[in-house]
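Single-structure report; data block below.
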Amino acid sequence: MPQGSSHPDTGLHRVVVIVDANSNPFELGCATEVFGLRRPELGRDLYDFRLCSPEPRTLMRDGFFTLTGVAGLEAADSADTLIVPNRPDVDVPRRPAVLDAVRRAHARGARLIGFCSGAFTLAEAGVLDGRRATAHWQWAESFRDRFPSVRLEPDVLFVDDGDILTAAGSAAALDLGLHVVRRDHGAEVANSVSRRLVFAAHRDGGQRQFIERPVPDVPDASLAPLLAWAQERLGSPLTVADLAARAAVSPATLHRRFRAELGTTPLAWLTRERVALACRLIERGESRFEVVARSCGLGTAAHLRALMNRETGLSPSAYRRRFGPAAAG
């Protein structure tokens, strides 16, 4: 079923998660939080969400708990988006029935998602040959040895290769999930979901999997106040030098701190924030792209067009057709 389709009995895009023996509970929780919860704050639900398993009783990772009462593996055949099993025992082959379900879904045009070691499931099914993907950095060497035909990108948070998407690690499952919501429903809806999660709305897939200092030695030195200050001034001619001056550090020091705490550069962060603001303005009905460009600090409609194409894969006009007020109506 095509990615943009809706399921006939609910009218919603159906997301199905396959849970197999020794699957990680965290990634299952991420999928449930992003795709499975009702959204009363939006006045509508976003997805029809289902779990399925090849067995009536599925022992989760390290025997933490047993999952029962979910649909059988045949439920995967009705998925518009299929999230494949991930588990820590990457050297143990996936069961043939699961791999067959993945192949069938791919053959009929369903979107496939692998969280963390789920990339091994996709690769073992043969659907990643010649395609871009990522996996947790700890398993990059093993992945390359087993699947040399896959174009592995080991440093990034997630890879969107169109109809197949992969996330590098546990927390990156949330980044990829929000990216999918943004792709399906626009920036405004993705921001609403991220607020409910109390999670950063947009870490780009190209950001590094690991940062130099995941837990700052001095919590008070967090970049959060600076980021909040900048987000309130995106429409002004804000530069990296302005950010450095506000933080009372040199541009080089600011660059190191962004790399250490966010895994990206100040300029890349600023650009993505401005594009995200542009998306929200278009979704809210602003049709004058010159106004959008000035309001989010991108200057001209031509610059807006170039950056939106790069960051979202859509031109401003295409974004408006897909996510603007008329589309929402």
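Chain labels A, B, ... are given in the sequence in which chains occur in the structure tokens; within each chain residues are numbered consecutively from 1, and ligands are likewise numbered from 1 in the order shown.
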
Can you tell me, as a ChimeraX atom specification, what residues are no more than 10 Å from range 268-278 of chain A when counting only C-alpha atoms, ignoring any on the same chain fewer than 5 positions away? /A:186-188,191,201-204,207,227,230-231,233-235,238-240,243,258,262-263,283-284,286,289,291-298,304-305,307-312,316

Any idea what's packed within 7 Å of Ala167 in chain A, counting only C-alpha atoms, ignoring anything in its chain fewer than 6 positions away? Could you give it as a PyMOL selection string? chain A and resi 114-116+134-135+157-159+173+176

Any idea what's packed within 12 Å of Glu153 in chain A, counting only C-alpha atoms, ignoring anything in its chain fewer than 3 positions away? Could you give it as a short mmCIF file (atom, residue, chain, number, x, y, z; two decimals) with N, CA and C atoms, in the first residue's frame?
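Okay, this is what ended up in part.cif:
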```cif
data_model
loop_
_atom_site.label_atom_id
_atom_site.label_comp_id
_atom_site.auth_asym_id
_atom_site.auth_seq_id
_atom_site.Cartn_x
_atom_site.Cartn_y
_atom_site.Cartn_z
N ALA A 119 18.29 -2.20 11.67
CA ALA A 119 18.96 -2.17 10.37
C ALA A 119 19.45 -3.55 9.97
N ARG A 131 21.45 0.50 -0.80
CA ARG A 131 20.74 1.63 -0.18
C ARG A 131 21.54 2.23 0.96
N ARG A 132 21.20 3.47 1.32
CA ARG A 132 21.81 4.14 2.46
C ARG A 132 21.12 3.70 3.75
N ALA A 133 21.91 3.56 4.81
CA ALA A 133 21.35 3.17 6.11
C ALA A 133 22.34 3.54 7.20
N THR A 134 21.86 3.52 8.43
CA THR A 134 22.76 3.68 9.57
C THR A 134 22.42 2.63 10.61
N ALA A 135 23.34 2.45 11.53
CA ALA A 135 23.17 1.52 12.65
C ALA A 135 24.00 2.05 13.81
N HIS A 136 23.78 1.53 14.97
CA HIS A 136 24.52 1.98 16.15
C HIS A 136 26.02 1.85 15.90
N TRP A 137 26.78 2.87 16.33
CA TRP A 137 28.22 2.88 16.05
C TRP A 137 28.94 1.66 16.60
N TRP A 139 28.09 -1.33 16.41
CA TRP A 139 27.92 -2.47 15.51
C TRP A 139 28.30 -2.14 14.08
N ALA A 140 28.90 -0.98 13.84
CA ALA A 140 29.19 -0.56 12.47
C ALA A 140 30.12 -1.54 11.76
N GLU A 141 31.18 -1.97 12.44
CA GLU A 141 32.13 -2.88 11.81
C GLU A 141 31.49 -4.22 11.49
N PHE A 143 28.33 -4.76 11.02
CA PHE A 143 27.34 -4.56 9.96
C PHE A 143 28.02 -4.54 8.61
N ARG A 144 29.12 -3.80 8.50
CA ARG A 144 29.84 -3.71 7.22
C ARG A 144 30.35 -5.09 6.77
N VAL A 150 25.46 -2.68 1.51
CA VAL A 150 24.69 -1.57 2.07
C VAL A 150 25.61 -0.37 2.26
N VAL A 156 25.83 9.16 11.75
CA VAL A 156 24.66 10.03 11.80
C VAL A 156 23.58 9.47 12.72
N LEU A 157 22.63 10.34 13.10
CA LEU A 157 21.54 9.92 13.97
C LEU A 157 20.55 9.02 13.22
N PHE A 158 20.19 9.42 12.03
CA PHE A 158 19.28 8.59 11.24
C PHE A 158 19.47 8.89 9.77
N VAL A 159 18.97 7.97 8.95
CA VAL A 159 19.04 8.11 7.50
C VAL A 159 17.64 7.95 6.94
N ASP A 160 17.22 8.93 6.15
CA ASP A 160 15.96 8.86 5.42
C ASP A 160 16.31 8.58 3.96
N ASP A 161 16.09 7.35 3.53
CA ASP A 161 16.37 6.97 2.15
C ASP A 161 15.06 6.75 1.39
N THR A 166 16.26 4.43 8.75
CA THR A 166 16.95 3.74 9.84
C THR A 166 17.45 4.75 10.86
N ALA A 167 17.39 4.37 12.13
CA ALA A 167 17.89 5.22 13.22
C ALA A 167 19.04 4.52 13.90
N ALA A 168 20.02 5.31 14.36
CA ALA A 168 21.28 4.75 14.83
C ALA A 168 21.18 4.05 16.17
N GLY A 205 18.93 14.49 10.93
CA GLY A 205 19.51 13.16 10.76
C GLY A 205 21.01 13.18 10.55
N GLY A 206 21.52 14.28 10.00
CA GLY A 206 22.95 14.35 9.73
C GLY A 206 23.81 14.62 10.94
N GLN A 207 23.19 14.88 12.08
CA GLN A 207 24.00 15.12 13.28
C GLN A 207 24.68 13.82 13.72
N ARG A 208 25.77 13.99 14.43
CA ARG A 208 26.57 12.83 14.83
C ARG A 208 25.84 12.00 15.87
N GLN A 209 26.08 10.68 15.83
CA GLN A 209 25.48 9.77 16.80
C GLN A 209 25.93 10.10 18.22
#
```

Selected residue, from A:Val17, A:Gly126, A:Arg44, A:Val84, that lies nearest to Val70 in chain A when counting only C-alpha atoms: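 Looking at the shortest contact to Val70 in chain A, the residue is A:Val17.
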
Exercise: Pro54 in chain A partners within 9 Å, only C-alpha atoms, chain neighbours under 5 positions left out, as a list in words: Ile18, Val19, Asp20, Ala21, Ala71, Gly72, Leu73, Glu74, Arg95, Ala97 and Val98 of chain A

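Computed from the coordinates, the CA of Gly69 in chain A to CA of Arg57 in chain A distance equals 7.8 Å.
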
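Between CA of Ile83 in chain A and CA of Gln138 in chain A the interatomic distance comes to 21.3 Å.
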
Close residues, Gly130 in chain A itself excluded, 12 Å, only C-alpha atoms, min 6 positions apart in chain, as a list in words: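 Near Gly130 in chain A, the qualifying residues are Ala123, Phe147, Pro148, Ser149, Val150, Arg151, Leu152, Asp161 and Ile164 of chain A.
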
Using the selection just defined, write its residues with all heavy atoms as an mmCIF file, in the first residue's frame.
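Generated file (result-v1.cif):
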```
data_model
loop_
_atom_site.group_PDB
_atom_site.id
_atom_site.type_symbol
_atom_site.label_atom_id
_atom_site.label_comp_id
_atom_site.auth_asym_id
_atom_site.auth_seq_id
_atom_site.Cartn_x
_atom_site.Cartn_y
_atom_site.Cartn_z
ATOM 1 N N ALA A 123 18.608 -5.411 6.494
ATOM 2 C CA ALA A 123 19.690 -5.887 5.637
ATOM 3 C C ALA A 123 19.578 -7.388 5.412
ATOM 4 O O ALA A 123 19.813 -7.893 4.299
ATOM 5 C CB ALA A 123 21.042 -5.539 6.255
ATOM 6 N N PHE A 147 27.184 -7.092 5.633
ATOM 7 C CA PHE A 147 26.350 -6.543 4.572
ATOM 8 C C PHE A 147 27.132 -5.496 3.777
ATOM 9 O O PHE A 147 26.824 -4.298 3.815
ATOM 10 C CB PHE A 147 25.076 -5.925 5.163
ATOM 11 C CG PHE A 147 24.322 -6.840 6.094
ATOM 12 C CD1 PHE A 147 24.280 -6.581 7.459
ATOM 13 C CD2 PHE A 147 23.675 -7.969 5.605
ATOM 14 C CE1 PHE A 147 23.592 -7.409 8.320
ATOM 15 C CE2 PHE A 147 22.984 -8.813 6.465
ATOM 16 C CZ PHE A 147 22.947 -8.538 7.818
ATOM 17 N N PRO A 148 28.148 -5.912 3.046
ATOM 18 C CA PRO A 148 29.004 -4.953 2.341
ATOM 19 C C PRO A 148 28.288 -4.187 1.241
ATOM 20 O O PRO A 148 28.774 -3.136 0.803
ATOM 21 C CB PRO A 148 30.121 -5.836 1.774
ATOM 22 C CG PRO A 148 29.527 -7.203 1.690
ATOM 23 C CD PRO A 148 28.592 -7.309 2.859
ATOM 24 N N SER A 149 27.157 -4.674 0.766
ATOM 25 C CA SER A 149 26.454 -3.979 -0.315
ATOM 26 C C SER A 149 25.593 -2.824 0.181
ATOM 27 O O SER A 149 25.047 -2.059 -0.622
ATOM 28 C CB SER A 149 25.568 -4.959 -1.088
ATOM 29 O OG SER A 149 24.580 -5.510 -0.247
ATOM 30 N N VAL A 150 25.460 -2.684 1.512
ATOM 31 C CA VAL A 150 24.690 -1.571 2.068
ATOM 32 C C VAL A 150 25.607 -0.371 2.255
ATOM 33 O O VAL A 150 26.736 -0.503 2.728
ATOM 34 C CB VAL A 150 24.049 -1.967 3.419
ATOM 35 C CG1 VAL A 150 23.247 -0.796 3.994
ATOM 36 C CG2 VAL A 150 23.155 -3.185 3.249
ATOM 37 N N ARG A 151 25.142 0.808 1.915
ATOM 38 C CA ARG A 151 25.930 2.031 2.057
ATOM 39 C C ARG A 151 25.742 2.573 3.481
ATOM 40 O O ARG A 151 24.917 3.449 3.735
ATOM 41 C CB ARG A 151 25.496 3.054 1.017
ATOM 42 C CG ARG A 151 25.798 2.618 -0.419
ATOM 43 C CD ARG A 151 24.925 3.312 -1.434
ATOM 44 N NE ARG A 151 24.994 4.776 -1.282
ATOM 45 C CZ ARG A 151 24.133 5.607 -1.857
ATOM 46 N NH1 ARG A 151 23.130 5.127 -2.594
ATOM 47 N NH2 ARG A 151 24.264 6.907 -1.695
ATOM 48 N N LEU A 152 26.526 2.038 4.404
ATOM 49 C CA LEU A 152 26.370 2.380 5.817
ATOM 50 C C LEU A 152 26.940 3.770 6.096
ATOM 51 O O LEU A 152 28.052 4.102 5.676
ATOM 52 C CB LEU A 152 27.076 1.349 6.691
ATOM 53 C CG LEU A 152 26.877 1.542 8.206
ATOM 54 C CD1 LEU A 152 25.437 1.238 8.594
ATOM 55 C CD2 LEU A 152 27.843 0.664 8.991
ATOM 56 N N ASP A 161 16.090 7.346 3.529
ATOM 57 C CA ASP A 161 16.369 6.970 2.147
ATOM 58 C C ASP A 161 15.064 6.747 1.394
ATOM 59 O O ASP A 161 14.919 5.798 0.622
ATOM 60 C CB ASP A 161 17.245 5.714 2.100
ATOM 61 C CG ASP A 161 17.958 5.563 0.752
ATOM 62 O OD1 ASP A 161 18.447 6.579 0.228
ATOM 63 O OD2 ASP A 161 18.000 4.439 0.227
ATOM 64 N N ILE A 164 12.740 3.684 2.973
ATOM 65 C CA ILE A 164 13.393 2.927 4.036
ATOM 66 C C ILE A 164 14.154 3.918 4.919
ATOM 67 O O ILE A 164 14.988 4.685 4.422
ATOM 68 C CB ILE A 164 14.358 1.858 3.497
ATOM 69 C CG1 ILE A 164 13.629 0.879 2.575
ATOM 70 C CG2 ILE A 164 15.016 1.101 4.645
ATOM 71 C CD1 ILE A 164 14.504 -0.232 2.012
#
```

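In terms of minimum interatomic distance to Phe26 in chain A, A:Ala171 ranks closest within A:Val102, A:Val90, A:Ala171, A:Leu128, counting only C-alpha atoms.
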
Give the helix (DSSP H, G or I) residues of range 56-267 of chain A, as DSSP finds them on the backbone, and put them as a count of residues only. 96
